[in-house]
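Asks: Pasting entry.cif here (mmCIF, C-alpha atoms):
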```cif
data_final
#
loop_
_atom_site.label_atom_id
_atom_site.label_comp_id
_atom_site.auth_asym_id
_atom_site.auth_seq_id
_atom_site.Cartn_x
_atom_site.Cartn_y
_atom_site.Cartn_z
CA MET I 332 39.09 119.62 -184.22
CA PRO I 333 37.99 122.42 -181.84
CA SER I 334 36.30 121.30 -178.64
CA SER I 335 32.59 122.23 -178.34
CA ARG I 336 32.59 121.74 -174.56
CA PRO I 337 31.81 124.89 -172.55
CA PRO I 338 34.75 126.38 -170.61
CA LYS I 339 35.25 125.03 -167.09
CA ARG I 340 33.46 126.99 -164.39
CA PRO I 341 35.74 128.70 -161.87
CA GLY I 342 33.65 127.34 -158.98
CA ASP I 343 30.29 126.15 -157.72
CA PRO I 344 27.86 129.14 -157.97
CA ASN I 345 25.99 128.14 -154.79
CA VAL I 346 29.20 127.89 -152.77
CA ALA I 347 30.33 131.27 -154.16
CA VAL I 348 27.02 132.87 -153.11
CA PHE I 349 27.07 131.33 -149.64
CA LEU I 350 30.68 132.38 -149.02
CA THR I 351 29.93 135.94 -150.19
CA TRP I 352 26.88 136.12 -147.95
CA PHE I 353 28.93 135.02 -144.96
CA MET I 354 31.97 137.17 -145.79
CA PRO I 355 31.88 139.79 -148.57
CA GLY I 356 34.47 138.97 -151.23
CA ALA I 357 35.02 135.39 -150.03
CA GLY I 358 33.12 133.98 -153.04
CA HIS I 359 35.50 135.71 -155.43
CA LEU I 360 38.54 134.56 -153.44
CA TYR I 361 37.16 131.01 -153.70
CA MET I 362 37.06 131.43 -157.50
CA GLY I 363 40.63 132.72 -157.54
CA ARG I 364 39.67 136.34 -158.28
CA VAL I 365 41.73 137.86 -155.51
CA LEU I 366 41.52 141.52 -156.54
CA GLN I 367 37.71 141.45 -156.89
CA GLY I 368 37.42 139.59 -153.59
CA VAL I 369 39.57 142.08 -151.70
CA ALA I 370 37.81 145.06 -153.34
CA GLY I 371 34.38 143.61 -152.48
CA PHE I 372 35.43 143.03 -148.86
CA VAL I 373 36.90 146.52 -148.46
CA VAL I 374 33.85 148.30 -149.92
CA VAL I 375 31.10 146.26 -148.24
CA TRP I 376 32.73 145.69 -144.87
CA GLY I 377 34.22 149.20 -144.93
CA LEU I 378 30.73 150.64 -145.25
CA TYR I 379 29.51 148.47 -142.37
CA TRP I 380 32.47 149.52 -140.21
CA ILE I 381 31.86 153.23 -140.96
CA GLY I 382 28.21 152.68 -140.02
CA LEU I 383 29.16 151.06 -136.70
CA GLU I 384 31.56 153.89 -135.92
CA LEU I 385 28.97 156.59 -136.70
CA SER I 386 26.18 154.88 -134.75
CA ASP I 387 28.39 153.56 -131.91
CA GLY I 388 26.88 150.18 -132.76
CA MET I 389 23.52 151.32 -131.34
CA GLY I 390 21.45 150.54 -134.43
CA PHE I 391 19.61 147.59 -132.89
CA GLU I 392 18.78 149.67 -129.79
CA PHE I 393 16.14 151.34 -131.99
CA LEU I 394 14.10 148.16 -131.56
CA HIS I 395 11.41 148.41 -128.91
CA GLN I 396 11.98 146.31 -125.81
CA GLU I 397 9.17 143.87 -126.63
CA LEU I 398 10.55 143.25 -130.13
CA ARG I 399 14.05 142.33 -129.00
CA GLY I 400 14.85 138.68 -129.54
CA PRO I 401 17.71 136.55 -130.88
CA PHE I 402 16.40 136.72 -134.44
CA ALA I 403 14.92 140.23 -134.39
CA PRO I 404 17.85 141.90 -136.24
CA ALA I 405 17.69 139.15 -138.90
CA LEU I 406 14.74 140.93 -140.51
CA ALA I 407 16.83 144.07 -141.06
CA PRO I 408 18.64 144.89 -144.34
CA GLU I 409 21.94 144.19 -142.51
CA LEU I 410 21.15 140.48 -143.01
CA GLY I 411 22.64 140.80 -146.50
CA ASN I 412 26.07 141.06 -144.85
CA LEU I 413 25.86 138.12 -142.46
CA SER I 414 29.30 138.53 -140.86
CA GLY I 415 28.55 142.22 -140.21
CA LEU I 416 25.19 141.39 -138.65
CA LEU I 417 26.68 138.66 -136.46
CA TRP I 418 29.57 140.93 -135.43
CA GLN I 419 27.20 143.74 -134.47
CA SER I 420 24.85 141.39 -132.63
CA ARG I 421 27.68 139.77 -130.66
CA THR I 422 29.64 142.96 -129.93
CA PHE I 423 26.90 145.55 -129.39
CA GLY I 424 23.59 143.66 -129.34
CA PHE I 425 20.71 145.67 -127.90
CA GLY I 426 22.97 147.73 -125.61
CA PRO I 427 23.32 147.67 -121.82
CA GLY I 428 19.57 147.26 -121.20
CA PHE I 429 18.70 150.83 -120.29
CA PRO I 430 17.92 153.77 -122.62
CA ARG I 431 20.94 155.80 -123.75
CA VAL I 432 21.41 158.97 -125.74
CA PHE I 433 22.06 158.20 -129.41
CA PRO I 434 25.00 159.94 -131.09
CA GLU I 435 24.09 162.72 -133.54
CA THR I 436 25.32 160.64 -136.46
CA VAL I 437 23.28 157.54 -135.57
CA HIS I 438 20.87 157.87 -138.50
CA ILE I 439 23.60 158.15 -141.13
CA GLY I 440 25.39 155.31 -139.35
CA VAL I 441 22.46 152.88 -139.51
CA MET I 442 21.94 153.91 -143.14
CA CYS I 443 25.54 152.80 -143.85
CA THR I 444 25.17 149.41 -142.13
CA ALA I 445 21.86 148.78 -143.94
CA CYS I 446 23.32 149.81 -147.33
CA SER I 447 26.26 147.49 -146.68
CA GLY I 448 23.82 144.58 -146.37
CA ILE I 449 22.05 145.56 -149.58
CA LEU I 450 25.34 146.06 -151.47
CA ASN I 451 26.48 142.59 -150.48
CA ILE I 452 23.37 141.12 -152.12
CA PHE I 453 24.57 142.55 -155.44
CA LEU I 454 28.04 141.17 -154.75
CA MET I 455 26.36 137.78 -154.21
CA ILE I 456 24.61 138.14 -157.58
CA LYS I 457 27.98 138.96 -159.15
CA ALA I 458 29.64 135.95 -157.50
CA HIS I 459 26.87 133.66 -158.76
CA SER I 460 27.09 135.03 -162.31
CA ASP I 461 30.89 135.00 -162.31
CA ALA I 462 30.90 131.37 -161.19
CA ARG I 463 28.76 130.53 -164.24
CA ARG I 464 30.84 132.80 -166.50
CA LEU I 465 27.82 134.96 -167.36
CA GLU I 466 29.48 138.29 -166.67
CA GLU I 467 32.46 138.04 -168.96
CA PRO I 468 33.11 140.89 -171.35
CA GLY I 469 32.04 140.44 -174.92
CA LEU I 470 28.39 139.66 -174.25
CA GLY I 471 27.59 143.19 -175.37
CA GLN I 472 25.71 144.43 -172.34
CA LEU I 473 26.09 145.72 -168.82
CA SER I 474 26.64 143.01 -166.23
CA ILE I 475 23.63 141.49 -164.46
CA SER I 476 24.82 142.56 -161.01
CA LEU I 477 25.42 146.15 -162.14
CA THR I 478 21.97 146.50 -163.73
CA CYS I 479 20.39 145.00 -160.58
CA PHE I 480 22.34 147.51 -158.47
CA LEU I 481 21.09 150.35 -160.70
CA ALA I 482 17.54 148.98 -160.37
CA TRP I 483 17.84 149.28 -156.59
CA LEU I 484 19.58 152.64 -156.66
CA VAL I 485 16.90 154.28 -158.82
CA PRO I 486 13.63 152.37 -159.40
CA GLY I 487 13.46 151.74 -163.15
CA GLY I 488 17.18 152.54 -163.58
CA GLY I 489 18.09 148.93 -164.27
CA HIS I 490 15.45 148.65 -167.00
CA ILE I 491 16.71 151.84 -168.66
CA ALA I 492 20.30 150.54 -168.47
CA GLN I 493 19.11 147.40 -170.26
CA GLY I 494 17.56 149.54 -173.00
CA ARG I 495 13.96 148.97 -171.85
CA ARG I 496 13.14 152.66 -171.54
CA MET I 497 9.33 152.54 -171.48
CA ARG I 498 9.29 149.92 -168.72
CA GLY I 499 11.93 151.82 -166.78
CA VAL I 500 10.04 155.12 -166.93
CA VAL I 501 6.76 153.46 -165.85
CA VAL I 502 8.48 151.71 -162.92
CA PHE I 503 10.20 154.96 -161.88
CA VAL I 504 7.00 157.04 -162.04
CA MET I 505 4.91 154.43 -160.19
CA LEU I 506 7.34 153.58 -157.40
CA THR I 507 8.83 157.01 -156.83
CA GLY I 508 5.33 158.49 -157.03
CA LEU I 509 4.07 156.08 -154.36
CA LEU I 510 7.08 156.81 -152.19
CA VAL I 511 6.66 160.58 -152.46
CA LEU I 512 2.90 160.34 -151.87
CA GLY I 513 3.39 158.08 -148.85
CA THR I 514 6.09 160.35 -147.42
CA GLY I 515 3.85 163.38 -147.99
CA LEU I 516 0.94 161.72 -146.16
CA CYS I 517 3.28 160.90 -143.26
CA GLU I 518 4.87 164.37 -143.36
CA GLY I 519 8.27 162.68 -143.52
CA THR I 520 7.84 160.74 -140.27
CA ASN I 521 7.89 157.40 -142.12
CA LEU I 522 11.60 157.71 -142.90
CA ASP I 523 12.86 157.32 -139.36
CA ARG I 524 14.38 154.00 -138.36
CA GLU I 525 13.97 154.78 -134.66
CA ARG I 526 10.20 155.11 -135.14
CA HIS I 527 9.59 152.38 -137.75
CA PHE I 528 12.48 149.91 -137.52
CA TYR I 529 11.12 147.27 -139.94
CA TYR I 530 9.06 149.54 -142.22
CA TRP I 531 12.21 151.64 -142.67
CA GLY I 532 14.03 148.56 -143.94
CA GLY I 533 11.24 147.89 -146.45
CA GLN I 534 11.33 151.48 -147.66
CA LEU I 535 15.12 151.45 -148.10
CA LEU I 536 14.64 148.91 -150.89
CA GLY I 537 13.48 151.95 -152.90
CA GLY I 538 17.10 153.16 -153.08
CA LEU I 539 18.34 156.69 -153.62
CA PRO I 540 14.92 158.47 -153.56
CA VAL I 541 14.38 157.08 -150.03
CA ILE I 542 17.84 158.17 -148.88
CA GLY I 543 17.28 161.62 -150.42
CA LEU I 544 13.85 162.08 -148.85
CA GLU I 545 15.16 161.02 -145.44
CA GLN I 546 17.91 163.64 -145.71
CA ILE I 547 15.36 166.29 -146.75
CA PHE I 548 12.88 165.59 -143.94
CA GLY I 549 15.53 164.67 -141.34
CA GLN I 550 13.43 162.57 -138.92
CA PRO I 551 10.90 165.24 -137.89
CA GLU I 552 9.24 165.19 -134.47
CA VAL I 553 5.55 164.30 -134.32
CA ARG I 554 3.72 167.13 -132.58
CA ASP I 555 0.14 166.54 -133.75
CA LYS I 556 -1.91 163.65 -135.05
CA ILE I 557 -1.07 163.01 -138.69
CA PRO I 558 -4.39 161.86 -140.25
CA TYR I 559 -3.10 159.44 -142.90
CA ALA I 560 0.26 158.50 -141.37
CA GLU I 561 -0.45 154.75 -141.33
CA ALA I 562 -1.75 154.68 -144.91
CA GLY I 563 1.27 156.72 -146.04
CA LEU I 564 3.66 154.37 -144.26
CA VAL I 565 2.12 151.35 -146.01
CA LEU I 566 2.29 153.10 -149.39
CA ALA I 567 5.96 154.06 -148.99
CA CYS I 568 6.93 150.62 -147.71
CA LEU I 569 5.08 148.90 -150.56
CA ALA I 570 6.96 151.10 -153.04
CA GLY I 571 10.22 149.72 -151.64
CA LEU I 572 8.99 146.12 -151.64
CA LEU I 573 7.65 146.42 -155.19
CA ASN I 574 11.11 147.55 -156.25
CA VAL I 575 12.30 144.04 -155.35
CA LEU I 576 9.95 142.76 -158.05
CA ALA I 577 11.45 145.29 -160.48
CA ILE I 578 14.98 144.16 -159.51
CA LEU I 579 13.99 140.51 -160.08
CA ASP I 580 12.60 141.48 -163.50
CA VAL I 581 15.92 143.13 -164.37
CA TYR I 582 17.80 140.07 -163.08
CA GLY I 583 15.68 137.59 -165.05
CA TRP I 584 15.91 139.55 -168.28
CA GLY I 585 19.66 140.10 -167.92
CA GLU I 586 20.28 136.45 -167.14
CA ALA I 587 18.19 135.27 -170.09
CA ARG I 588 20.12 137.59 -172.41
CA SER I 589 23.46 136.48 -171.00
CA ILE I 590 22.61 132.80 -171.41
CA GLU I 591 21.41 133.45 -174.98
CA GLY I 592 24.62 135.40 -175.65
CA ALA I 593 26.80 132.68 -174.15
CA GLU I 594 25.00 129.79 -175.85
CA GLY I 595 24.46 131.53 -179.18
CA PRO I 596 27.79 130.76 -180.88
CA SER I 597 27.96 127.15 -179.61
CA ARG I 598 24.35 126.52 -180.68
CA GLU I 599 25.14 127.97 -184.07
CA LYS I 600 28.21 125.76 -184.26
CA THR I 601 26.15 122.67 -183.35
CA VAL I 602 23.51 123.43 -185.99
CA THR I 603 26.18 124.06 -188.66
CA GLY I 604 27.97 120.84 -187.66
CA ALA I 605 24.74 118.83 -187.91
CA LYS I 606 24.00 120.28 -191.35
CA GLU I 607 27.51 119.42 -192.55
CA ALA I 608 27.18 115.88 -191.20
CA SER I 609 23.82 115.30 -192.92
CA ALA I 610 25.23 116.67 -196.21
CA MET W 582 -13.52 163.94 -149.81
CA ASN W 583 -14.53 161.73 -146.91
CA ASP W 584 -12.24 159.26 -145.14
CA LEU W 585 -13.59 156.20 -146.99
CA GLY W 586 -13.11 157.96 -150.32
CA VAL W 587 -9.48 158.78 -149.51
CA HIS W 588 -8.76 155.19 -148.51
CA LEU W 589 -10.45 153.83 -151.63
CA GLY W 590 -8.47 156.25 -153.77
CA LEU W 591 -5.21 155.13 -152.14
CA LEU W 592 -6.23 151.49 -152.63
CA VAL W 593 -6.78 152.08 -156.35
CA LEU W 594 -3.37 153.78 -156.64
CA ILE W 595 -1.47 151.04 -154.83
CA SER W 596 -3.42 148.37 -156.75
CA LEU W 597 -2.37 149.95 -160.03
CA ALA W 598 1.29 149.86 -158.98
CA ILE W 599 1.06 146.23 -157.78
CA VAL W 600 -0.75 145.08 -160.91
CA THR W 601 1.60 146.94 -163.28
CA LEU W 602 4.72 145.54 -161.63
CA GLY W 603 3.15 142.07 -161.62
CA ALA W 604 2.33 142.32 -165.33
CA PHE W 605 5.86 143.52 -166.16
CA PHE W 606 7.33 140.69 -164.13
CA ASN W 607 5.24 138.08 -165.94
CA HIS W 608 5.67 139.33 -169.51
CA ARG W 609 8.97 139.84 -171.27
CA GLU W 610 7.49 142.12 -173.95
CA ASP W 611 6.13 145.52 -172.88
CA GLU W 612 3.21 145.29 -175.29
CA ASP W 613 1.96 142.00 -173.78
CA ALA W 614 2.37 143.40 -170.27
CA VAL W 615 0.40 146.58 -171.01
CA LYS W 616 -2.40 144.59 -172.65
CA ASP W 617 -2.66 142.36 -169.57
CA ILE W 618 -2.91 145.23 -167.04
CA PRO W 619 -6.70 146.00 -167.28
CA LYS W 620 -7.69 142.35 -166.77
CA ARG W 621 -5.29 141.95 -163.85
CA PHE W 622 -6.47 145.23 -162.34
CA VAL W 623 -10.13 144.15 -162.34
CA ILE W 624 -9.29 140.72 -160.90
CA PHE W 625 -7.17 142.34 -158.18
CA LEU W 626 -9.87 144.82 -157.17
CA VAL W 627 -12.59 142.13 -157.18
CA GLY W 628 -10.31 139.94 -155.05
CA CYS W 629 -9.79 142.81 -152.59
CA ALA W 630 -13.57 143.39 -152.44
CA VAL W 631 -14.18 139.69 -151.68
CA VAL W 632 -11.55 139.70 -148.90
CA ALA W 633 -13.05 142.91 -147.46
CA ALA W 634 -16.56 141.38 -147.54
CA ILE W 635 -15.36 138.20 -145.78
CA MET W 636 -13.57 140.28 -143.12
CA PHE W 637 -16.67 142.41 -142.66
CA VAL W 638 -18.89 139.34 -142.18
CA VAL W 639 -16.41 137.62 -139.85
CA GLU W 640 -16.01 140.79 -137.79
CA TYR W 641 -19.75 140.87 -137.07
CA THR W 642 -20.15 137.10 -136.54
CA GLY W 643 -17.42 134.64 -135.51
CA ALA W 644 -14.72 137.14 -134.54
CA SER W 645 -17.04 139.71 -133.01
CA LEU W 646 -15.66 141.21 -129.82
CA GLY W 647 -19.09 142.30 -128.70
#
```
Could you render the structure from this file as structure tokens?
Replies:
Amino acid sequence: MPSSRPPKRPGDPNVAVFLTWFMPGAGHLYMGRVLQGVAGFVVVWGLYWIGLELSDGMGFEFLHQELRGPFAPALAPELGNLSGLLWQSRTFGFGPGFPRVFPETVHIGVMCTACSGILNIFLMIKAHSDARRLEEPGLGQLSISLTCFLAWLVPGGGHIAQGRRMRGVVVFVMLTGLLVLGTGLCEGTNLDRERHFYYWGGQLLGGLPVIGLEQIFGQPEVRDKIPYAEAGLVLACLAGLLNVLAILDVYGWGEARSIEGAEGPSREKTVTGAKEASA
Amino acid sequence: MNDLGVHLGLLVLISLAIVTLGAFFNHREDEDAVKDIPKRFVIFLVGCAVVAAIMFVVEYTGASLG
């Protein structure tokens, strides 16, 4: 008689998430998936290391003197990669205490460290799903973590990848439109981490359009008063924050489908078994 | 367009984005979400107006710097 019990989980999902947060790839190593663990570590920590090299570890020196405190960097996107954040805080911190000249590559460097933190969040989602066996092949869809990553990369991209085209297009038009409008009102000055340390982090949640716009405008100098700069900054930042809601929507839908896909055959089996028993 | 008009226009735009994303998040089916947007939009704008009115009153009474 075949067993109807679900297959044994490779590990506790919460432990896998916590380990991945602390050290990218550690959650997968804990589940015995060595290759995925090593690959996750190399990609996420590699990106953080490249960022530190390009910025000389000066990313947190963007923070104004009065904002510097032990937990100030914890509100930055780097928080997603906890070991990277702790390493940077312990090794480089806020610098020697006097203003220094930033290297030319500082902006691309801080972009790398921030993206490393965001990437690790998707690795955490993958670890959590893998621990519950929700991302195994055969469920007939893209994995939850991949669709969430696409949702961050391009607002609405995750919805389109899930086959929800109308929703994806509406999300893309709304969020990218807000971002472009906000950036236009600010004349590109909103996408400068040195000027808006925390708002920049919020905007980065908008993914590739934010990265592209920052490269196009290239941290312009402010020479005159920009009339609607503050309103534009709020608009662009809200676009990024609203993308979190879109990512959560993609996550919830993907998870519901995966659970339905995983439970479907066993449910069917239970119903058939009950019918046979009653007959 | 005057300054107040621009700010009100921006408020309406951002409200539409917030309300649409909220409706999508709360409804699994697109049709249900789209149907729910007008009601949510009105409630959101009325809520904003109430908050603005309270802030306006407080600014000229209890929290007045003058």
Asks: Output the residue selection produced by the PyMOL selection byres ((chain I and resi 483) around 7) on the file above, formatted as a CSV table (one decimal) with C-alpha atoms, in the coordinates of the input.
Replies:
```
chain,number,residue,atom,x,y,z
I,479,CYS,CA,20.4,145.0,-160.6
I,480,PHE,CA,22.3,147.5,-158.5
I,481,LEU,CA,21.1,150.4,-160.7
I,482,ALA,CA,17.5,149.0,-160.4
I,484,LEU,CA,19.6,152.6,-156.7
I,485,VAL,CA,16.9,154.3,-158.8
I,486,PRO,CA,13.6,152.4,-159.4
I,536,LEU,CA,14.6,148.9,-150.9
I,537,GLY,CA,13.5,152.0,-152.9
I,538,GLY,CA,17.1,153.2,-153.1
I,574,ASN,CA,11.1,147.6,-156.2
I,578,ILE,CA,15.0,144.2,-159.5
```
Asks: With 9 Å as the cut-off and only C-alpha atoms counted, what is the closest atom pair between each nearby residue of chain I and chain W? Distances in Å to one decimal, ordered by chain and number, as a tab-separated table.
Replies:
```
residue	atom	partner	partner_atom	distance
I:Arg495	CA	W:Asp611	CA	8.6
I:Met497	CA	W:Asp611	CA	7.8
I:Arg498	CA	W:Asp611	CA	6.8
I:Val501	CA	W:Thr601	CA	8.7
I:Val502	CA	W:Leu602	CA	7.3
I:Met505	CA	W:Ala598	CA	6.0
I:Leu506	CA	W:Ala598	CA	7.3
I:Leu509	CA	W:Ile595	CA	7.5
I:Ala562	CA	W:His588	CA	7.9
I:Leu566	CA	W:Ile595	CA	6.9
I:Leu569	CA	W:Ile595	CA	8.1
I:Ala570	CA	W:Ala598	CA	8.3
I:Leu573	CA	W:Ile599	CA	7.1
I:Asn574	CA	W:Leu602	CA	8.6
I:Leu576	CA	W:Leu602	CA	6.9
I:Ala577	CA	W:Leu602	CA	6.8
I:Leu579	CA	W:Phe606	CA	7.8
I:Asp580	CA	W:Phe606	CA	5.4
I:Val581	CA	W:Phe606	CA	8.9
I:Gly583	CA	W:Phe606	CA	9.0
I:Trp584	CA	W:Arg609	CA	7.6
```
Asks: Can you pull out the residues contacting I:Glu518? Cut-off 12 Å, using all atoms listed in the file, and skip same-chain residues under 4 positions away; I want them as a PDB file with C-alpha atoms, in the coordinates of the input.
Replies:
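Saved result, result34.pdb, follows:
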```pdb
ATOM      1  CA  LEU I 510       7.080 156.810-152.190  1.00  0.00           C
ATOM      2  CA  VAL I 511       6.660 160.580-152.460  1.00  0.00           C
ATOM      3  CA  LEU I 512       2.900 160.340-151.870  1.00  0.00           C
ATOM      4  CA  GLY I 513       3.390 158.080-148.850  1.00  0.00           C
ATOM      5  CA  THR I 514       6.090 160.350-147.420  1.00  0.00           C
ATOM      6  CA  LEU I 522      11.600 157.710-142.900  1.00  0.00           C
ATOM      7  CA  ASP I 523      12.860 157.320-139.360  1.00  0.00           C
ATOM      8  CA  LEU I 544      13.850 162.080-148.850  1.00  0.00           C
ATOM      9  CA  GLU I 545      15.160 161.020-145.440  1.00  0.00           C
ATOM     10  CA  ILE I 547      15.360 166.290-146.750  1.00  0.00           C
ATOM     11  CA  PHE I 548      12.880 165.590-143.940  1.00  0.00           C
ATOM     12  CA  GLY I 549      15.530 164.670-141.340  1.00  0.00           C
ATOM     13  CA  GLN I 550      13.430 162.570-138.920  1.00  0.00           C
ATOM     14  CA  PRO I 551      10.900 165.240-137.890  1.00  0.00           C
ATOM     15  CA  GLU I 552       9.240 165.190-134.470  1.00  0.00           C
ATOM     16  CA  VAL I 553       5.550 164.300-134.320  1.00  0.00           C
ATOM     17  CA  ARG I 554       3.720 167.130-132.580  1.00  0.00           C
ATOM     18  CA  ASP I 555       0.140 166.540-133.750  1.00  0.00           C
ATOM     19  CA  LYS I 556      -1.910 163.650-135.050  1.00  0.00           C
ATOM     20  CA  ILE I 557      -1.070 163.010-138.690  1.00  0.00           C
ATOM     21  CA  PRO I 558      -4.390 161.860-140.250  1.00  0.00           C
ATOM     22  CA  TYR I 559      -3.100 159.440-142.900  1.00  0.00           C
ATOM     23  CA  ALA I 560       0.260 158.500-141.370  1.00  0.00           C
ATOM     24  CA  GLU I 561      -0.450 154.750-141.330  1.00  0.00           C
ATOM     25  CA  ALA I 562      -1.750 154.680-144.910  1.00  0.00           C
ATOM     26  CA  GLY I 563       1.270 156.720-146.040  1.00  0.00           C
ATOM     27  CA  LEU I 564       3.660 154.370-144.260  1.00  0.00           C
ATOM     28  CA  ALA I 567       5.960 154.060-148.990  1.00  0.00           C
TER      29      ALA I 567
END
```
Asks: Just give me the gap between atom CA of I:Lys457 and atom CA of I:Ser476 in Å, one decimal is fine.
Replies: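 For atom CA of I:Lys457 relative to atom CA of I:Ser476, the distance reads 5.1 Å.
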Asks: So how many Å separate atom CA of I:Phe393 and atom CA of I:Gly428, to one decimal?
Replies: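 Going from atom CA of I:Phe393 over to atom CA of I:Gly428 covers 12.0 Å.
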Asks: Between atom CA of I:Gln546 and atom CA of I:Ala407, what is the spacing in Å?
Replies: 20.1 Å
Asks: With distances taken over all atoms listed in the file, which residue among I:Ala357, I:Leu413, I:Leu366, I:Cys568 lies nearest I:Asn521?
Replies: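 Nearest candidate to I:Asn521 out of I:Ala357, I:Leu413, I:Leu366, I:Cys568: I:Cys568.
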Asks: Using all atoms listed in the file, can you list as a ChimeraX atom specification the residues within 12 Å of (23.0, 142.2, -143.4)?
Replies: /I:351-355,375-376,378-379,404-420,441-452,532
Asks: Write a file of the just-selected residues containing C-alpha atoms, as an mmCIF file, in the coordinates of the input.
Replies:
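That gives us out-v9.cif:
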```
data_model
loop_
_atom_site.group_PDB
_atom_site.id
_atom_site.type_symbol
_atom_site.label_atom_id
_atom_site.label_comp_id
_atom_site.auth_asym_id
_atom_site.auth_seq_id
_atom_site.Cartn_x
_atom_site.Cartn_y
_atom_site.Cartn_z
ATOM 1 C CA THR I 351 29.930 135.940 -150.190
ATOM 2 C CA TRP I 352 26.880 136.120 -147.950
ATOM 3 C CA PHE I 353 28.930 135.020 -144.960
ATOM 4 C CA MET I 354 31.970 137.170 -145.790
ATOM 5 C CA PRO I 355 31.880 139.790 -148.570
ATOM 6 C CA VAL I 375 31.100 146.260 -148.240
ATOM 7 C CA TRP I 376 32.730 145.690 -144.870
ATOM 8 C CA LEU I 378 30.730 150.640 -145.250
ATOM 9 C CA TYR I 379 29.510 148.470 -142.370
ATOM 10 C CA PRO I 404 17.850 141.900 -136.240
ATOM 11 C CA ALA I 405 17.690 139.150 -138.900
ATOM 12 C CA LEU I 406 14.740 140.930 -140.510
ATOM 13 C CA ALA I 407 16.830 144.070 -141.060
ATOM 14 C CA PRO I 408 18.640 144.890 -144.340
ATOM 15 C CA GLU I 409 21.940 144.190 -142.510
ATOM 16 C CA LEU I 410 21.150 140.480 -143.010
ATOM 17 C CA GLY I 411 22.640 140.800 -146.500
ATOM 18 C CA ASN I 412 26.070 141.060 -144.850
ATOM 19 C CA LEU I 413 25.860 138.120 -142.460
ATOM 20 C CA SER I 414 29.300 138.530 -140.860
ATOM 21 C CA GLY I 415 28.550 142.220 -140.210
ATOM 22 C CA LEU I 416 25.190 141.390 -138.650
ATOM 23 C CA LEU I 417 26.680 138.660 -136.460
ATOM 24 C CA TRP I 418 29.570 140.930 -135.430
ATOM 25 C CA GLN I 419 27.200 143.740 -134.470
ATOM 26 C CA SER I 420 24.850 141.390 -132.630
ATOM 27 C CA VAL I 441 22.460 152.880 -139.510
ATOM 28 C CA MET I 442 21.940 153.910 -143.140
ATOM 29 C CA CYS I 443 25.540 152.800 -143.850
ATOM 30 C CA THR I 444 25.170 149.410 -142.130
ATOM 31 C CA ALA I 445 21.860 148.780 -143.940
ATOM 32 C CA CYS I 446 23.320 149.810 -147.330
ATOM 33 C CA SER I 447 26.260 147.490 -146.680
ATOM 34 C CA GLY I 448 23.820 144.580 -146.370
ATOM 35 C CA ILE I 449 22.050 145.560 -149.580
ATOM 36 C CA LEU I 450 25.340 146.060 -151.470
ATOM 37 C CA ASN I 451 26.480 142.590 -150.480
ATOM 38 C CA ILE I 452 23.370 141.120 -152.120
ATOM 39 C CA GLY I 532 14.030 148.560 -143.940
#
```
Asks: Which polymer residues have any atom within 10 Å of an atom of W:Val623, counting all atoms listed in the file, with same-chain residues fewer than 5 positions away left out, as a PyMOL selection string?
Replies: chain W and resi 596-597+600+618+628-629
Asks: Please write the residues from the selection above to a file, keeping C-alpha atoms, as a tab-separated table (two decimals), in the frame of the given file.
Replies:
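In the end it all went to part_26.tsv:
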```tsv
chain	number	residue	atom	x	y	z
W	596	SER	CA	-3.42	148.37	-156.75
W	597	LEU	CA	-2.37	149.95	-160.03
W	600	VAL	CA	-0.75	145.08	-160.91
W	618	ILE	CA	-2.91	145.23	-167.04
W	628	GLY	CA	-10.31	139.94	-155.05
W	629	CYS	CA	-9.79	142.81	-152.59
```
Asks: Draw an axis-aligned box tight on the listed atoms of stretch 393-398 of chain I, then pad every side by 5 Å and write out centre and edge lengths in Å to one decimal as lines of an AutoDock Vina configuration file.
Replies:
```
center_x = 12.7
center_y = 147.3
center_z = -128.9
size_x = 17.0
size_y = 18.1
size_z = 16.2
```
Asks: Closest to W:Leu626 among W:Val638, W:Val593, W:Leu585, W:Leu646, using only C-alpha atoms?
Replies: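 Of all the options, W:Val593 lies closest to W:Leu626.
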Asks: Could you tell me which residues the PyMOL selection byres ((chain I and resi 341) around 6) returns for this structure, as a ChimeraX atom specification?
Replies: /I:340,342,362,462
